[in-house]
Amino acid sequence: MNSKKLKEERVKLFRDAVNFRKTDRIPHFANAVTWKVFDAGHTLDETMTDFDLMEKCVLHFLDKYPVDAILDVGIRNQFNVTEAFGEGSYYYYDEEVVGVHDHAHCTPETLQEYMDDPTRYAWEVILPKKYGESWEQKTTKVWKKTFSEYIRYVMFVLHMAKVMDRYGLPGLSPNNPMKGAVVPAVEELMSNLLGIQQLSVAMRRSPELLDAFIERWEKERMEPIYEKIRAAGGPNYKYCFDSSILMLAHTVMNSRQFERFYWPYLKKLLDTYAEMGQNVRIFAEGSILRFTEYFRDYPKGLLTFHLEQDDPFEFREALPNAAIMGGMTTDLLSYGTPEECVAYAKKLCDELGREGGFIFSENKMLSYRNDAKSENMLAACNFVRDYRL
Amino acid sequence: MEKGKYTSYPEGYKRLVRDIVPWYMRPAKDMLMRLLLTILVDG
């Protein structure tokens with residue numbers, strides 16, 4: 001089968017699964033990120049700034065493991081741009097680990113100033129603070145080198161999209177950092193603008209400032225997105241989903257805070273997708289189980305929850321109208337045997353996927369060396385590819 | 001002496017865009033600079 005046809009078939013398989021239509025087999029979306037590097041015999045510090053080596057690691061994975069789609073083809077966690085610019089990255093890596101420090105661009109009091117002109121704010125506040133004295137010393141040569149590395153990175157992203165086409169692998173969704181990510185206000189607050197610590201405190205001490213920011217974000221950032229969703233019409237069958245949203249901020253909220261800062265805005269977004277009959281994947285970091293009641297009224301087909309820590313069987317009971325992505329735990333992939341992995345993969349497929357509504361995937365992003373054993377991953381992949389319901 | 005050549009806004013920022021974005025990429029300069037800034041700010 002040629003790669004174009006294969007890609008179309010895979011998209012159909014994903015879309016059937018999320019719409020609770022019976023499929024003859026369960027699709028496998030590989031939640032694989034930097035684990036690929038270790039599996040190919042390399043270390044993170046070797047590959048993070050070397051596009052050729054990163055591509056080699058990605059191809060090693062794709063040639064070895066039969067999957068229907070993959071989260072990352074080596075384009076996350078590239079450091080050549082920030083390294084060309086000099087010291088001061090929030091991200092860090094060594095041979096084995098890549099991570100990010102909690103950071104905050106704003107205080108609750110400066111959020112409106114940020115919204116007034118984000119570029120000005122970056123130029124006058126964030127970058128001088130981040131780079132200290134060296135900010136003033138960035139020469140034309142340094143900037144040109146940084147820009148050139150950035151263009152190399154963009155070309156690598158485009159190149160890897162062609163590699164995915166060659167393997168017949170559909171992309172996750174049309175919204176991504178290159179094309180415009182869909183980021184709810186509280187997620188931006190938590191990831192960048194206030195950080196985990198300040199957001200947690202601000203929800204108690206300065207809720208009005210957060211309300212004002214979220215309302216403005218809604219009007220200026222989200223309203224244009226709603227327009228785009230409506231303009232797109234129905235589903236975009238080039239991708240597994242029409243949108244992918246990451247939820248993390250709920251993990252630091254109680255129900256009252258969720259109802260005030262998160263749910264009204266997330267609901268508006270989901271209502272818009274529902275109106276257009278589109279399919280949305282939500283990567284629910286941490287646990288989302290205590291918030292499932294909010295999502296109960298949506299029709300089947302709208303929501304697919306990629307579960308990081310929740311038990312998928314318990315989640316299915318709690319929210320039967322949502323498809324589930326995930327299930328295979330990194331604990332089992334790491335500490336189990338191939339036989340145990342296959343037995344659990346079978347249980348997931350049989351109990352969650354017989355009527356549609358299930359996409360096999362790893363619960364956590366495969367990032368570190370010990371997130372999976374190669375023989376376990378291979379056994380699970382082969383089983384899911386061959387198993388007929 | 002180049003110290004502080006680009007640190008003012010919007011003058012320094014505009015000067016920077018002129019200096020580093022090649023002419024054939026100018027039509028997309030706003031999009032290119034937005035993403036580059038995102039990487040430098042959040043990365």
# chains A, B, ... in the order shown; residues from 1 in each chain; ligands from 1
$ select_by_dssp --residues "range 45-190 of chain A" --states "alpha helix (DSSP H)" --output "MDAnalysis selection string"
chainID A and resid 45:47 51:64 80:85 111:116 118:121 127:131 140:166 185:188
$ closest_atom_pairs --of "chain A" --to "chain B" --cutoff "8 Å" --atoms "only C-alpha atoms" --output "JSON lines"
{"residue": "A:Val81", "atom": "CA", "partner": "B:Ile39", "partner_atom": "CA", "distance": 7.6}
{"residue": "A:Thr82", "atom": "CA", "partner": "B:Leu40", "partner_atom": "CA", "distance": 6.2}
{"residue": "A:Ser89", "atom": "CA", "partner": "B:Gly43", "partner_atom": "CA", "distance": 5.9}
{"residue": "A:Tyr90", "atom": "CA", "partner": "B:Gly43", "partner_atom": "CA", "distance": 5.8}
{"residue": "A:Tyr91", "atom": "CA", "partner": "B:Gly43", "partner_atom": "CA", "distance": 6.2}
{"residue": "A:Arg120", "atom": "CA", "partner": "B:Tyr9", "partner_atom": "CA", "distance": 6.4}
{"residue": "A:Ala122", "atom": "CA", "partner": "B:Val41", "partner_atom": "CA", "distance": 6.9}
{"residue": "A:Trp123", "atom": "CA", "partner": "B:Tyr9", "partner_atom": "CA", "distance": 6.8}
{"residue": "A:Glu124", "atom": "CA", "partner": "B:Tyr9", "partner_atom": "CA", "distance": 7.2}
{"residue": "A:Ile126", "atom": "CA", "partner": "B:Val41", "partner_atom": "CA", "distance": 6.8}
{"residue": "A:Leu127", "atom": "CA", "partner": "B:Val41", "partner_atom": "CA", "distance": 6.5}
{"residue": "A:Trp135", "atom": "CA", "partner": "B:Thr7", "partner_atom": "CA", "distance": 7.8}
{"residue": "A:Glu136", "atom": "CA", "partner": "B:Gly4", "partner_atom": "CA", "distance": 4.5}
{"residue": "A:Gln137", "atom": "CA", "partner": "B:Lys3", "partner_atom": "CA", "distance": 5.0}
{"residue": "A:Lys138", "atom": "CA", "partner": "B:Lys3", "partner_atom": "CA", "distance": 7.3}
{"residue": "A:Thr139", "atom": "CA", "partner": "B:Glu2", "partner_atom": "CA", "distance": 6.1}
{"residue": "A:Thr140", "atom": "CA", "partner": "B:Asp19", "partner_atom": "CA", "distance": 7.2}
{"residue": "A:Trp143", "atom": "CA", "partner": "B:Ile20", "partner_atom": "CA", "distance": 6.8}
{"residue": "A:Lys144", "atom": "CA", "partner": "B:Ile20", "partner_atom": "CA", "distance": 5.3}
{"residue": "A:Phe147", "atom": "CA", "partner": "B:Ile20", "partner_atom": "CA", "distance": 6.9}
{"residue": "A:Tyr150", "atom": "CA", "partner": "B:Leu36", "partner_atom": "CA", "distance": 6.9}
{"residue": "A:Met178", "atom": "CA", "partner": "B:Leu35", "partner_atom": "CA", "distance": 7.8}
{"residue": "A:Asn192", "atom": "CA", "partner": "B:Asp42", "partner_atom": "CA", "distance": 6.7}
$ write_last_selection --atoms "N, CA and C atoms" --output "PDB file, in the first residue's frame"
ATOM      1  N   VAL A  81      18.593  26.899  18.802  1.00  0.00           N
ATOM      2  CA  VAL A  81      18.278  28.324  18.728  1.00  0.00           C
ATOM      3  C   VAL A  81      18.696  29.031  20.020  1.00  0.00           C
ATOM      4  N   THR A  82      18.249  28.513  21.148  1.00  0.00           N
ATOM      5  CA  THR A  82      18.577  29.177  22.419  1.00  0.00           C
ATOM      6  C   THR A  82      20.089  29.106  22.700  1.00  0.00           C
ATOM      7  N   SER A  89      18.692  29.749  29.220  1.00  0.00           N
ATOM      8  CA  SER A  89      17.502  28.978  28.861  1.00  0.00           C
ATOM      9  C   SER A  89      16.773  28.481  30.110  1.00  0.00           C
ATOM     10  N   TYR A  90      15.430  28.458  30.045  1.00  0.00           N
ATOM     11  CA  TYR A  90      14.657  27.863  31.135  1.00  0.00           C
ATOM     12  C   TYR A  90      14.754  26.339  31.088  1.00  0.00           C
ATOM     13  N   TYR A  91      15.014  25.810  29.898  1.00  0.00           N
ATOM     14  CA  TYR A  91      15.145  24.367  29.735  1.00  0.00           C
ATOM     15  C   TYR A  91      16.588  23.949  29.990  1.00  0.00           C
ATOM     16  N   ARG A 120       6.465  44.279  22.942  1.00  0.00           N
ATOM     17  CA  ARG A 120       7.142  45.309  23.745  1.00  0.00           C
ATOM     18  C   ARG A 120       7.522  44.753  25.118  1.00  0.00           C
ATOM     19  N   ALA A 122       8.038  41.671  25.960  1.00  0.00           N
ATOM     20  CA  ALA A 122       9.159  40.723  25.820  1.00  0.00           C
ATOM     21  C   ALA A 122      10.470  41.490  25.711  1.00  0.00           C
ATOM     22  N   TRP A 123      10.435  42.538  24.923  1.00  0.00           N
ATOM     23  CA  TRP A 123      11.651  43.296  24.634  1.00  0.00           C
ATOM     24  C   TRP A 123      12.146  44.089  25.841  1.00  0.00           C
ATOM     25  N   GLU A 124      11.207  44.675  26.558  1.00  0.00           N
ATOM     26  CA  GLU A 124      11.599  45.600  27.633  1.00  0.00           C
ATOM     27  C   GLU A 124      11.654  44.942  29.014  1.00  0.00           C
ATOM     28  N   ILE A 126      10.881  40.919  29.684  1.00  0.00           N
ATOM     29  CA  ILE A 126      11.227  39.488  29.819  1.00  0.00           C
ATOM     30  C   ILE A 126      12.672  39.202  29.415  1.00  0.00           C
ATOM     31  N   LEU A 127      13.044  39.642  28.214  1.00  0.00           N
ATOM     32  CA  LEU A 127      14.378  39.302  27.725  1.00  0.00           C
ATOM     33  C   LEU A 127      15.500  39.954  28.557  1.00  0.00           C
ATOM     34  N   TRP A 135      22.085  40.793  27.715  1.00  0.00           N
ATOM     35  CA  TRP A 135      21.036  41.235  26.792  1.00  0.00           C
ATOM     36  C   TRP A 135      21.498  42.441  25.973  1.00  0.00           C
ATOM     37  N   GLU A 136      22.167  43.358  26.621  1.00  0.00           N
ATOM     38  CA  GLU A 136      22.618  44.572  25.928  1.00  0.00           C
ATOM     39  C   GLU A 136      23.797  44.294  25.004  1.00  0.00           C
ATOM     40  N   GLN A 137      24.414  43.143  25.224  1.00  0.00           N
ATOM     41  CA  GLN A 137      25.636  42.870  24.453  1.00  0.00           C
ATOM     42  C   GLN A 137      25.406  41.926  23.277  1.00  0.00           C
ATOM     43  N   LYS A 138      24.123  41.657  22.966  1.00  0.00           N
ATOM     44  CA  LYS A 138      23.855  40.779  21.823  1.00  0.00           C
ATOM     45  C   LYS A 138      24.157  41.551  20.540  1.00  0.00           C
ATOM     46  N   THR A 139      25.152  41.095  19.819  1.00  0.00           N
ATOM     47  CA  THR A 139      25.581  41.802  18.614  1.00  0.00           C
ATOM     48  C   THR A 139      24.780  41.337  17.400  1.00  0.00           C
ATOM     49  N   THR A 140      24.943  42.039  16.289  1.00  0.00           N
ATOM     50  CA  THR A 140      24.295  41.634  15.038  1.00  0.00           C
ATOM     51  C   THR A 140      24.721  40.212  14.680  1.00  0.00           C
ATOM     52  N   TRP A 143      22.772  37.716  16.768  1.00  0.00           N
ATOM     53  CA  TRP A 143      21.380  37.665  16.309  1.00  0.00           C
ATOM     54  C   TRP A 143      21.265  36.940  14.958  1.00  0.00           C
ATOM     55  N   LYS A 144      22.234  37.209  14.077  1.00  0.00           N
ATOM     56  CA  LYS A 144      22.184  36.554  12.753  1.00  0.00           C
ATOM     57  C   LYS A 144      22.376  35.049  12.899  1.00  0.00           C
ATOM     58  N   PHE A 147      19.138  33.647  14.271  1.00  0.00           N
ATOM     59  CA  PHE A 147      18.104  33.598  13.238  1.00  0.00           C
ATOM     60  C   PHE A 147      18.376  32.463  12.256  1.00  0.00           C
ATOM     61  N   TYR A 150      17.473  29.257  13.777  1.00  0.00           N
ATOM     62  CA  TYR A 150      16.008  29.188  13.839  1.00  0.00           C
ATOM     63  C   TYR A 150      15.434  28.746  12.481  1.00  0.00           C
ATOM     64  N   MET A 178       3.641  25.750  15.175  1.00  0.00           N
ATOM     65  CA  MET A 178       3.922  26.343  13.856  1.00  0.00           C
ATOM     66  C   MET A 178       2.675  26.981  13.256  1.00  0.00           C
ATOM     67  N   ASN A 192       3.901  29.815  31.567  1.00  0.00           N
ATOM     68  CA  ASN A 192       4.858  30.882  31.280  1.00  0.00           C
ATOM     69  C   ASN A 192       4.644  32.179  32.047  1.00  0.00           C
TER      70      ASN A 192
END
$ decode --residues "chain B" --atoms "N, CA and C atoms" --output "short mmCIF file (atom, residue, chain, number, x, y, z; two decimals), in the first residue's frame"
data_model
loop_
_atom_site.label_atom_id
_atom_site.label_comp_id
_atom_site.auth_asym_id
_atom_site.auth_seq_id
_atom_site.Cartn_x
_atom_site.Cartn_y
_atom_site.Cartn_z
N MET B 1 30.75 50.50 18.23
CA MET B 1 30.29 49.85 19.47
C MET B 1 28.82 49.44 19.32
N GLU B 2 28.54 48.17 19.48
CA GLU B 2 27.18 47.70 19.22
C GLU B 2 26.33 47.58 20.47
N LYS B 3 26.90 47.81 21.65
CA LYS B 3 26.17 47.57 22.90
C LYS B 3 24.84 48.32 22.92
N GLY B 4 23.77 47.61 23.18
CA GLY B 4 22.46 48.25 23.28
C GLY B 4 21.86 48.65 21.95
N LYS B 5 22.44 48.18 20.85
CA LYS B 5 21.98 48.59 19.52
C LYS B 5 20.50 48.25 19.28
N TYR B 6 20.08 47.12 19.87
CA TYR B 6 18.73 46.64 19.58
C TYR B 6 17.78 46.69 20.79
N THR B 7 18.21 47.21 21.90
CA THR B 7 17.41 47.02 23.12
C THR B 7 16.24 47.98 23.28
N SER B 8 16.20 49.04 22.48
CA SER B 8 15.05 49.95 22.59
C SER B 8 13.86 49.36 21.82
N TYR B 9 12.68 49.85 22.18
CA TYR B 9 11.47 49.37 21.48
C TYR B 9 10.57 50.57 21.18
N PRO B 10 10.10 50.75 19.97
CA PRO B 10 10.19 49.78 18.87
C PRO B 10 11.39 50.00 17.95
N GLU B 11 12.18 51.09 18.17
CA GLU B 11 13.24 51.43 17.22
C GLU B 11 14.27 50.29 17.08
N GLY B 12 14.79 49.82 18.23
CA GLY B 12 15.81 48.78 18.20
C GLY B 12 15.27 47.49 17.60
N TYR B 13 14.05 47.18 17.93
CA TYR B 13 13.43 45.95 17.42
C TYR B 13 13.31 46.01 15.89
N LYS B 14 12.85 47.17 15.40
CA LYS B 14 12.71 47.32 13.94
C LYS B 14 14.09 47.25 13.26
N ARG B 15 15.08 47.86 13.89
CA ARG B 15 16.44 47.83 13.34
C ARG B 15 16.92 46.37 13.26
N LEU B 16 16.63 45.63 14.30
CA LEU B 16 17.04 44.22 14.33
C LEU B 16 16.40 43.45 13.18
N VAL B 17 15.10 43.63 12.99
CA VAL B 17 14.40 42.90 11.93
C VAL B 17 15.04 43.22 10.58
N ARG B 18 15.36 44.50 10.36
CA ARG B 18 16.01 44.90 9.11
C ARG B 18 17.38 44.24 8.97
N ASP B 19 18.09 44.12 10.08
CA ASP B 19 19.46 43.60 10.03
C ASP B 19 19.54 42.08 9.88
N ILE B 20 18.57 41.35 10.42
CA ILE B 20 18.75 39.89 10.43
C ILE B 20 17.82 39.11 9.50
N VAL B 21 16.70 39.70 9.10
CA VAL B 21 15.79 38.93 8.22
C VAL B 21 16.18 39.19 6.77
N PRO B 22 16.61 38.17 6.04
CA PRO B 22 16.99 38.37 4.64
C PRO B 22 15.83 38.93 3.82
N TRP B 23 16.15 39.65 2.76
CA TRP B 23 15.12 40.35 1.99
C TRP B 23 14.03 39.40 1.47
N TYR B 24 14.45 38.18 1.09
CA TYR B 24 13.46 37.27 0.50
C TYR B 24 12.52 36.66 1.56
N MET B 25 12.82 36.90 2.82
CA MET B 25 11.90 36.43 3.88
C MET B 25 11.08 37.58 4.46
N ARG B 26 11.32 38.78 3.98
CA ARG B 26 10.64 39.94 4.56
C ARG B 26 9.11 39.84 4.57
N PRO B 27 8.49 39.28 3.50
CA PRO B 27 7.01 39.21 3.53
C PRO B 27 6.48 38.44 4.75
N ALA B 28 7.30 37.52 5.23
CA ALA B 28 6.84 36.70 6.38
C ALA B 28 7.51 37.15 7.67
N LYS B 29 8.07 38.35 7.70
CA LYS B 29 8.92 38.73 8.84
C LYS B 29 8.16 38.75 10.17
N ASP B 30 6.89 39.18 10.14
CA ASP B 30 6.14 39.26 11.40
C ASP B 30 5.95 37.87 12.00
N MET B 31 5.55 36.93 11.14
CA MET B 31 5.33 35.56 11.61
C MET B 31 6.66 34.94 12.08
N LEU B 32 7.73 35.17 11.30
CA LEU B 32 9.03 34.59 11.67
C LEU B 32 9.53 35.16 12.99
N MET B 33 9.40 36.46 13.16
CA MET B 33 9.90 37.08 14.39
C MET B 33 9.06 36.67 15.60
N ARG B 34 7.75 36.48 15.37
CA ARG B 34 6.87 36.10 16.48
C ARG B 34 7.29 34.73 17.05
N LEU B 35 7.55 33.80 16.11
CA LEU B 35 7.93 32.46 16.55
C LEU B 35 9.34 32.45 17.16
N LEU B 36 10.23 33.22 16.58
CA LEU B 36 11.59 33.30 17.14
C LEU B 36 11.54 33.87 18.56
N LEU B 37 10.75 34.92 18.71
CA LEU B 37 10.63 35.52 20.05
C LEU B 37 10.04 34.53 21.04
N THR B 38 9.05 33.75 20.59
CA THR B 38 8.45 32.74 21.47
C THR B 38 9.52 31.77 21.96
N ILE B 39 10.39 31.36 21.04
CA ILE B 39 11.45 30.41 21.43
C ILE B 39 12.40 31.07 22.44
N LEU B 40 12.79 32.32 22.17
CA LEU B 40 13.74 32.98 23.07
C LEU B 40 13.11 33.32 24.42
N VAL B 41 11.83 33.67 24.40
CA VAL B 41 11.15 34.08 25.63
C VAL B 41 10.80 32.86 26.50
N ASP B 42 10.21 31.85 25.88
CA ASP B 42 9.69 30.71 26.66
C ASP B 42 10.68 29.55 26.76
N GLY B 43 11.67 29.52 25.88
CA GLY B 43 12.54 28.34 25.75
C GLY B 43 13.65 28.29 26.77
#
